[in-house]
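So this block is final-v5.tsv, TSV, N, CA and C atoms:
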chain	number	residue	atom	x	y	z
A	1	MET	N	0.85	-1.17	0.00
A	1	MET	CA	0.00	0.00	0.00
A	1	MET	C	0.90	1.23	0.00
A	2	SER	N	0.62	2.15	-0.87
A	2	SER	CA	1.46	3.33	-0.94
A	2	SER	C	0.88	4.43	-0.04
A	3	THR	N	1.77	5.23	0.45
A	3	THR	CA	1.37	6.33	1.30
A	3	THR	C	1.49	7.63	0.52
A	4	GLN	N	1.08	8.69	1.13
A	4	GLN	CA	1.18	9.99	0.47
A	4	GLN	C	2.62	10.49	0.41
A	5	LEU	N	3.52	9.86	1.13
A	5	LEU	CA	4.92	10.28	1.12
A	5	LEU	C	5.63	9.84	-0.14
A	6	ASP	N	5.07	8.86	-0.89
A	6	ASP	CA	5.68	8.42	-2.13
A	6	ASP	C	5.31	9.40	-3.24
A	7	ILE	N	6.12	10.42	-3.40
A	7	ILE	CA	5.81	11.45	-4.38
A	7	ILE	C	6.33	11.06	-5.76
A	8	ALA	N	7.54	10.56	-5.84
A	8	ALA	CA	8.12	10.17	-7.11
A	8	ALA	C	8.69	8.77	-6.99
A	9	ALA	N	8.71	8.06	-8.07
A	9	ALA	CA	9.30	6.73	-8.06
A	9	ALA	C	10.80	6.85	-7.88
A	10	GLU	N	11.36	5.89	-7.12
A	10	GLU	CA	12.80	5.94	-6.89
A	10	GLU	C	13.54	5.45	-8.10
A	11	GLY	N	14.77	5.90	-8.24
A	11	GLY	CA	15.60	5.44	-9.32
A	11	GLY	C	15.54	6.30	-10.56
A	12	THR	N	14.69	7.28	-10.60
A	12	THR	CA	14.65	8.15	-11.77
A	12	THR	C	15.66	9.27	-11.58
A	13	THR	N	16.34	9.56	-12.65
A	13	THR	CA	17.31	10.65	-12.60
A	13	THR	C	16.95	11.67	-13.65
A	14	GLY	N	17.30	12.89	-13.40
A	14	GLY	CA	17.05	13.95	-14.36
A	14	GLY	C	18.03	13.87	-15.51
A	15	GLY	N	17.67	14.37	-16.62
A	15	GLY	CA	18.55	14.35	-17.79
A	15	GLY	C	19.27	15.67	-18.00
A	16	GLY	N	19.28	16.51	-16.96
A	16	GLY	CA	19.88	17.84	-17.11
A	16	GLY	C	21.39	17.80	-17.02
A	17	GLY	N	21.97	18.94	-16.79
A	17	GLY	CA	23.42	19.06	-16.69
A	17	GLY	C	23.96	18.38	-15.46
A	18	SER	N	25.26	18.25	-15.44
A	18	SER	CA	25.88	17.53	-14.32
A	18	SER	C	26.11	18.42	-13.12
A	19	GLY	N	26.10	19.73	-13.27
A	19	GLY	CA	26.34	20.63	-12.16
A	19	GLY	C	27.82	20.74	-11.85
A	20	PRO	N	28.15	21.52	-10.83
A	20	PRO	CA	29.56	21.68	-10.49
A	20	PRO	C	30.11	20.41	-9.87
A	21	PRO	N	31.41	20.15	-10.03
A	21	PRO	CA	31.98	18.95	-9.43
A	21	PRO	C	32.05	19.09	-7.92
A	22	PRO	N	31.97	17.99	-7.19
A	22	PRO	CA	32.10	18.06	-5.74
A	22	PRO	C	33.51	18.46	-5.34
A	23	GLU	N	33.68	18.88	-4.10
A	23	GLU	CA	34.98	19.39	-3.67
A	23	GLU	C	36.05	18.31	-3.58
A	24	ASP	N	35.66	17.05	-3.46
A	24	ASP	CA	36.67	16.00	-3.40
A	24	ASP	C	37.11	15.53	-4.79
A	25	ASP	N	36.52	16.08	-5.82
A	25	ASP	CA	36.92	15.78	-7.19
A	25	ASP	C	38.26	16.46	-7.47
A	26	PRO	N	39.22	15.77	-8.08
A	26	PRO	CA	40.52	16.41	-8.32
A	26	PRO	C	40.46	17.60	-9.28
A	27	ARG	N	39.42	17.69	-10.09
A	27	ARG	CA	39.29	18.82	-11.01
A	27	ARG	C	38.73	20.07	-10.33
A	28	PHE	N	38.27	19.95	-9.09
A	28	PHE	CA	37.57	21.06	-8.44
A	28	PHE	C	38.46	22.29	-8.29
A	29	GLY	N	39.72	22.12	-7.94
A	29	GLY	CA	40.60	23.28	-7.73
A	29	GLY	C	40.76	24.12	-8.98
A	30	GLY	N	41.01	23.48	-10.11
A	30	GLY	CA	41.18	24.22	-11.35
A	30	GLY	C	39.91	24.91	-11.81
A	31	ILE	N	38.78	24.23	-11.65
A	31	ILE	CA	37.50	24.83	-12.05
A	31	ILE	C	37.16	26.01	-11.15
A	32	ALA	N	37.39	25.87	-9.86
A	32	ALA	CA	37.09	26.96	-8.93
A	32	ALA	C	37.98	28.16	-9.19
A	33	VAL	N	39.25	27.92	-9.46
A	33	VAL	CA	40.17	29.03	-9.72
A	33	VAL	C	39.78	29.75	-11.00
A	34	ARG	N	39.40	29.01	-12.05
A	34	ARG	CA	38.99	29.64	-13.30
A	34	ARG	C	37.73	30.48	-13.11
A	35	SER	N	36.75	29.92	-12.39
A	35	SER	CA	35.50	30.67	-12.23
A	35	SER	C	35.70	31.89	-11.34
A	36	GLN	N	36.50	31.77	-10.29
A	36	GLN	CA	36.76	32.93	-9.44
A	36	GLN	C	37.59	33.97	-10.18
A	37	GLY	N	38.50	33.55	-11.02
A	37	GLY	CA	39.28	34.50	-11.82
A	37	GLY	C	38.40	35.26	-12.80
A	38	LEU	N	37.46	34.55	-13.41
A	38	LEU	CA	36.54	35.21	-14.33
A	38	LEU	C	35.66	36.22	-13.60
A	39	LEU	N	35.17	35.84	-12.43
A	39	LEU	CA	34.36	36.78	-11.64
A	39	LEU	C	35.17	37.98	-11.18
A	40	THR	N	36.43	37.76	-10.86
A	40	THR	CA	37.30	38.87	-10.45
A	40	THR	C	37.49	39.85	-11.60
A	41	LEU	N	37.77	39.35	-12.79
A	41	LEU	CA	37.93	40.23	-13.94
A	41	LEU	C	36.62	40.93	-14.31
A	42	ALA	N	35.51	40.22	-14.17
A	42	ALA	CA	34.21	40.83	-14.48
A	42	ALA	C	33.91	41.97	-13.51
A	43	PHE	N	34.24	41.80	-12.23
A	43	PHE	CA	34.01	42.88	-11.27
A	43	PHE	C	34.91	44.07	-11.58
A	44	GLY	N	36.16	43.82	-11.95
A	44	GLY	CA	37.06	44.91	-12.33
A	44	GLY	C	36.54	45.66	-13.54
A	45	PHE	N	36.05	44.93	-14.55
A	45	PHE	CA	35.49	45.57	-15.74
A	45	PHE	C	34.26	46.40	-15.39
A	46	ALA	N	33.39	45.85	-14.54
A	46	ALA	CA	32.17	46.57	-14.16
A	46	ALA	C	32.51	47.84	-13.39
A	47	LEU	N	33.49	47.78	-12.49
A	47	LEU	CA	33.87	48.98	-11.75
A	47	LEU	C	34.50	50.01	-12.69
A	48	GLY	N	35.28	49.55	-13.66
A	48	GLY	CA	35.86	50.48	-14.64
A	48	GLY	C	34.78	51.19	-15.45
A	49	VAL	N	33.77	50.45	-15.90
A	49	VAL	CA	32.67	51.06	-16.66
A	49	VAL	C	31.89	52.03	-15.78
A	50	ALA	N	31.65	51.66	-14.53
A	50	ALA	CA	30.91	52.54	-13.62
A	50	ALA	C	31.68	53.85	-13.38
A	51	LEU	N	33.00	53.76	-13.23
A	51	LEU	CA	33.78	54.98	-13.02
A	51	LEU	C	33.82	55.85	-14.27
A	52	VAL	N	33.83	55.23	-15.46
A	52	VAL	CA	33.78	56.01	-16.69
A	52	VAL	C	32.45	56.74	-16.80
A	53	LEU	N	31.34	56.07	-16.46
A	53	LEU	CA	30.04	56.74	-16.47
A	53	LEU	C	29.99	57.89	-15.46
A	54	LEU	N	30.54	57.66	-14.28
A	54	LEU	CA	30.59	58.73	-13.28
A	54	LEU	C	31.46	59.88	-13.77
A	55	PHE	N	32.59	59.55	-14.38
A	55	PHE	CA	33.48	60.56	-14.94
A	55	PHE	C	32.76	61.37	-16.02
A	56	TRP	N	32.03	60.68	-16.89
A	56	TRP	CA	31.30	61.37	-17.95
A	56	TRP	C	30.23	62.29	-17.37
A	57	LEU	N	29.49	61.82	-16.35
A	57	LEU	CA	28.46	62.67	-15.74
A	57	LEU	C	29.07	63.91	-15.08
A	58	ILE	N	30.18	63.72	-14.38
A	58	ILE	CA	30.81	64.86	-13.71
A	58	ILE	C	31.39	65.84	-14.73
A	59	SER	N	31.98	65.32	-15.80
A	59	SER	CA	32.55	66.23	-16.79
A	59	SER	C	31.46	66.90	-17.63
A	60	ARG	N	30.34	66.24	-17.83
A	60	ARG	CA	29.23	66.82	-18.61
A	60	ARG	C	28.44	67.84	-17.80
A	61	PHE	N	28.18	67.53	-16.55
A	61	PHE	CA	27.40	68.41	-15.67
A	61	PHE	C	28.19	68.72	-14.41
A	62	PRO	N	29.24	69.54	-14.50
A	62	PRO	CA	30.06	69.81	-13.32
A	62	PRO	C	29.29	70.67	-12.29
A	63	PRO	N	29.38	70.31	-11.02
A	63	PRO	CA	28.68	71.10	-10.00
A	63	PRO	C	29.31	72.48	-9.78
A	64	SER	N	30.60	72.60	-10.07
A	64	SER	CA	31.25	73.91	-9.91
A	64	SER	C	32.46	73.97	-10.84
A	65	ALA	N	33.02	75.16	-10.95
A	65	ALA	CA	34.19	75.35	-11.82
A	65	ALA	C	35.41	74.62	-11.27
A	66	ALA	N	35.51	74.52	-9.95
A	66	ALA	CA	36.64	73.82	-9.34
A	66	ALA	C	36.62	72.33	-9.71
A	67	VAL	N	35.44	71.74	-9.72
A	67	VAL	CA	35.33	70.32	-10.10
A	67	VAL	C	35.66	70.15	-11.57
A	68	ARG	N	35.19	71.06	-12.41
A	68	ARG	CA	35.49	70.99	-13.84
A	68	ARG	C	36.99	71.09	-14.07
A	69	ASP	N	37.67	71.97	-13.36
A	69	ASP	CA	39.12	72.10	-13.50
A	69	ASP	C	39.86	70.88	-12.98
A	70	PHE	N	39.31	70.21	-11.97
A	70	PHE	CA	39.93	69.01	-11.42
A	70	PHE	C	39.80	67.83	-12.38
A	71	VAL	N	38.65	67.69	-13.03
A	71	VAL	CA	38.36	66.56	-13.90
A	71	VAL	C	38.97	66.73	-15.28
A	72	ALA	N	39.23	67.96	-15.73
A	72	ALA	CA	39.67	68.24	-17.09
A	72	ALA	C	40.95	67.49	-17.51
A	73	PRO	N	41.98	67.36	-16.68
A	73	PRO	CA	43.20	66.70	-17.17
A	73	PRO	C	43.09	65.19	-17.35
A	74	PHE	N	42.07	64.56	-16.81
A	74	PHE	CA	41.95	63.11	-16.90
A	74	PHE	C	41.26	62.70	-18.19
A	75	ALA	N	41.64	61.55	-18.70
A	75	ALA	CA	41.00	60.97	-19.88
A	75	ALA	C	40.16	59.78	-19.44
A	76	ALA	N	39.11	59.48	-20.20
A	76	ALA	CA	38.21	58.39	-19.84
A	76	ALA	C	38.95	57.05	-19.84
A	77	GLU	N	39.94	56.89	-20.72
A	77	GLU	CA	40.68	55.63	-20.78
A	77	GLU	C	41.45	55.37	-19.48
A	78	TRP	N	42.04	56.43	-18.93
A	78	TRP	CA	42.79	56.27	-17.68
A	78	TRP	C	41.87	56.03	-16.50
A	79	VAL	N	40.69	56.63	-16.53
A	79	VAL	CA	39.71	56.40	-15.47
A	79	VAL	C	39.24	54.95	-15.52
A	80	PHE	N	38.98	54.43	-16.74
A	80	PHE	CA	38.58	53.03	-16.87
A	80	PHE	C	39.69	52.11	-16.40
A	81	LEU	N	40.92	52.38	-16.79
A	81	LEU	CA	42.04	51.53	-16.40
A	81	LEU	C	42.22	51.53	-14.89
A	82	ALA	N	42.11	52.69	-14.26
A	82	ALA	CA	42.24	52.75	-12.80
A	82	ALA	C	41.11	51.98	-12.12
A	83	GLY	N	39.88	52.13	-12.61
A	83	GLY	CA	38.77	51.38	-12.04
A	83	GLY	C	38.91	49.89	-12.25
A	84	PHE	N	39.39	49.48	-13.42
A	84	PHE	CA	39.60	48.07	-13.71
A	84	PHE	C	40.64	47.47	-12.77
A	85	ILE	N	41.74	48.17	-12.58
A	85	ILE	CA	42.81	47.66	-11.71
A	85	ILE	C	42.34	47.59	-10.27
A	86	VAL	N	41.72	48.67	-9.78
A	86	VAL	CA	41.26	48.68	-8.39
A	86	VAL	C	40.17	47.63	-8.17
A	87	GLY	N	39.25	47.49	-9.11
A	87	GLY	CA	38.19	46.50	-8.98
A	87	GLY	C	38.71	45.09	-9.01
A	88	THR	N	39.68	44.81	-9.86
A	88	THR	CA	40.25	43.47	-9.94
A	88	THR	C	41.01	43.13	-8.67
A	89	ILE	N	41.78	44.06	-8.16
A	89	ILE	CA	42.53	43.81	-6.92
A	89	ILE	C	41.56	43.63	-5.75
A	90	THR	N	40.53	44.45	-5.67
A	90	THR	CA	39.55	44.34	-4.59
A	90	THR	C	38.83	43.00	-4.64
A	91	ALA	N	38.39	42.59	-5.82
A	91	ALA	CA	37.69	41.30	-5.94
A	91	ALA	C	38.64	40.14	-5.68
A	92	GLY	N	39.88	40.26	-6.08
A	92	GLY	CA	40.86	39.21	-5.79
A	92	GLY	C	41.11	39.05	-4.31
A	93	ILE	N	41.24	40.16	-3.60
A	93	ILE	CA	41.43	40.09	-2.15
A	93	ILE	C	40.18	39.52	-1.49
A	94	TYR	N	39.00	39.91	-1.94
A	94	TYR	CA	37.77	39.36	-1.40
A	94	TYR	C	37.72	37.85	-1.61
A	95	ASN	N	38.06	37.39	-2.81
A	95	ASN	CA	38.04	35.95	-3.07
A	95	ASN	C	39.04	35.21	-2.21
A	96	LEU	N	40.20	35.79	-1.99
A	96	LEU	CA	41.18	35.13	-1.15
A	96	LEU	C	40.73	35.05	0.30
A	97	LEU	N	40.12	36.11	0.79
A	97	LEU	CA	39.76	36.15	2.21
A	97	LEU	C	38.47	35.43	2.55
A	98	VAL	N	37.53	35.42	1.64
A	98	VAL	CA	36.22	34.87	1.98
A	98	VAL	C	35.96	33.54	1.29
A	99	VAL	N	36.18	33.49	0.00
A	99	VAL	CA	35.78	32.31	-0.75
A	99	VAL	C	36.82	31.20	-0.64
A	100	ARG	N	38.06	31.50	-0.72
A	100	ARG	CA	39.11	30.49	-0.76
A	100	ARG	C	39.53	30.06	0.64
A	101	ARG	N	38.96	29.18	1.27
A	101	ARG	CA	39.35	28.44	2.46
A	101	ARG	C	40.06	29.20	3.57
A	102	VAL	N	40.11	30.50	3.53
A	102	VAL	CA	40.70	31.25	4.64
A	102	VAL	C	39.66	31.42	5.74
A	103	ASN	N	38.39	31.40	5.39
A	103	ASN	CA	37.27	31.48	6.33
A	103	ASN	C	37.35	32.71	7.21
A	104	LEU	N	37.53	33.86	6.58
A	104	LEU	CA	37.64	35.10	7.32
A	104	LEU	C	36.37	35.40	8.11
A	105	PHE	N	35.22	35.18	7.49
A	105	PHE	CA	33.96	35.49	8.16
A	105	PHE	C	33.24	34.23	8.63
A	106	GLY	N	33.97	33.12	8.77
A	106	GLY	CA	33.37	31.89	9.26
A	106	GLY	C	32.59	31.13	8.21
A	107	LEU	N	32.75	31.47	6.95
A	107	LEU	CA	32.08	30.75	5.88
A	107	LEU	C	32.90	29.52	5.53
A	108	GLU	N	32.29	28.38	5.59
A	108	GLU	CA	33.00	27.16	5.25
A	108	GLU	C	32.39	26.57	3.99
A	109	SER	N	33.24	26.04	3.15
A	109	SER	CA	32.74	25.46	1.91
A	109	SER	C	32.16	24.08	2.13
A	110	SER	N	32.58	23.37	3.17
A	110	SER	CA	32.06	22.02	3.44
A	110	SER	C	31.51	21.96	4.86
A	111	MET	N	30.32	22.45	5.05
A	111	MET	CA	29.72	22.42	6.38
A	111	MET	C	28.89	21.16	6.48
A	112	ASP	N	29.45	20.12	7.07
A	112	ASP	CA	28.73	18.84	7.22
A	112	ASP	C	28.18	18.74	8.60
As structure tokens:
Amino acid sequence: MSTQLDIAAEGTTGGGGSGPPPEDDPRFGGIAVRSQGLLTLAFGFALGVALVLLFWLISRFPPSAAVRDFVAPFAAEWVFLAGFIVGTITAGIYNLLVVRRVNLFGLESSMD
């Protein structure tokens, strides 16, 4: 006699993707480093674009002449490069301290 707890038949598996490898898989380190590196570069790029937009807004609509004179010598390319470098370094430090097994804030990757 079946009960209401039998929702699905046992032994059926989904046909979807395999998902990320478990942490005891030898490929896990390389995959994690690649994905964290990509996220680090993406954050640096996003911060660079955000600073260029902020630079454009300040140079287009300066609140005062002093701000206009301060912003005038900078080029958008250098602002993007500075934002990209600072964003990449910031995200890299964040990944080292929080995500990568240092457990700065008590986050553990394998909480059993």
Just the residues within 9 Å of region 85-91 of chain A, please, counting only C-alpha atoms, with nothing from its chain fewer than 2 positions along; format it as a list in words. Leu39, Thr40, Leu41, Ala42, Phe43, Gly44, Phe45, Ala46, Leu47, Gly48, Phe80, Leu81, Ala82, Gly83, Ile93, Tyr94, Asn95 and Leu96 of chain A
Using only C-alpha atoms: which of A:Pro63, A:Ala50, A:Gly92, A:Asp69 has the shortest distance to Ser35 (chain A): A:Gly92
What's the separation between CA of Gly37 (chain A) and CA of Phe55 (chain A), in Å to one decimal place? 26.9 Å
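Taking atom C of Val52 (chain A) as the reference point, CA of Phe84 (chain A) is found at 11.7 Å.
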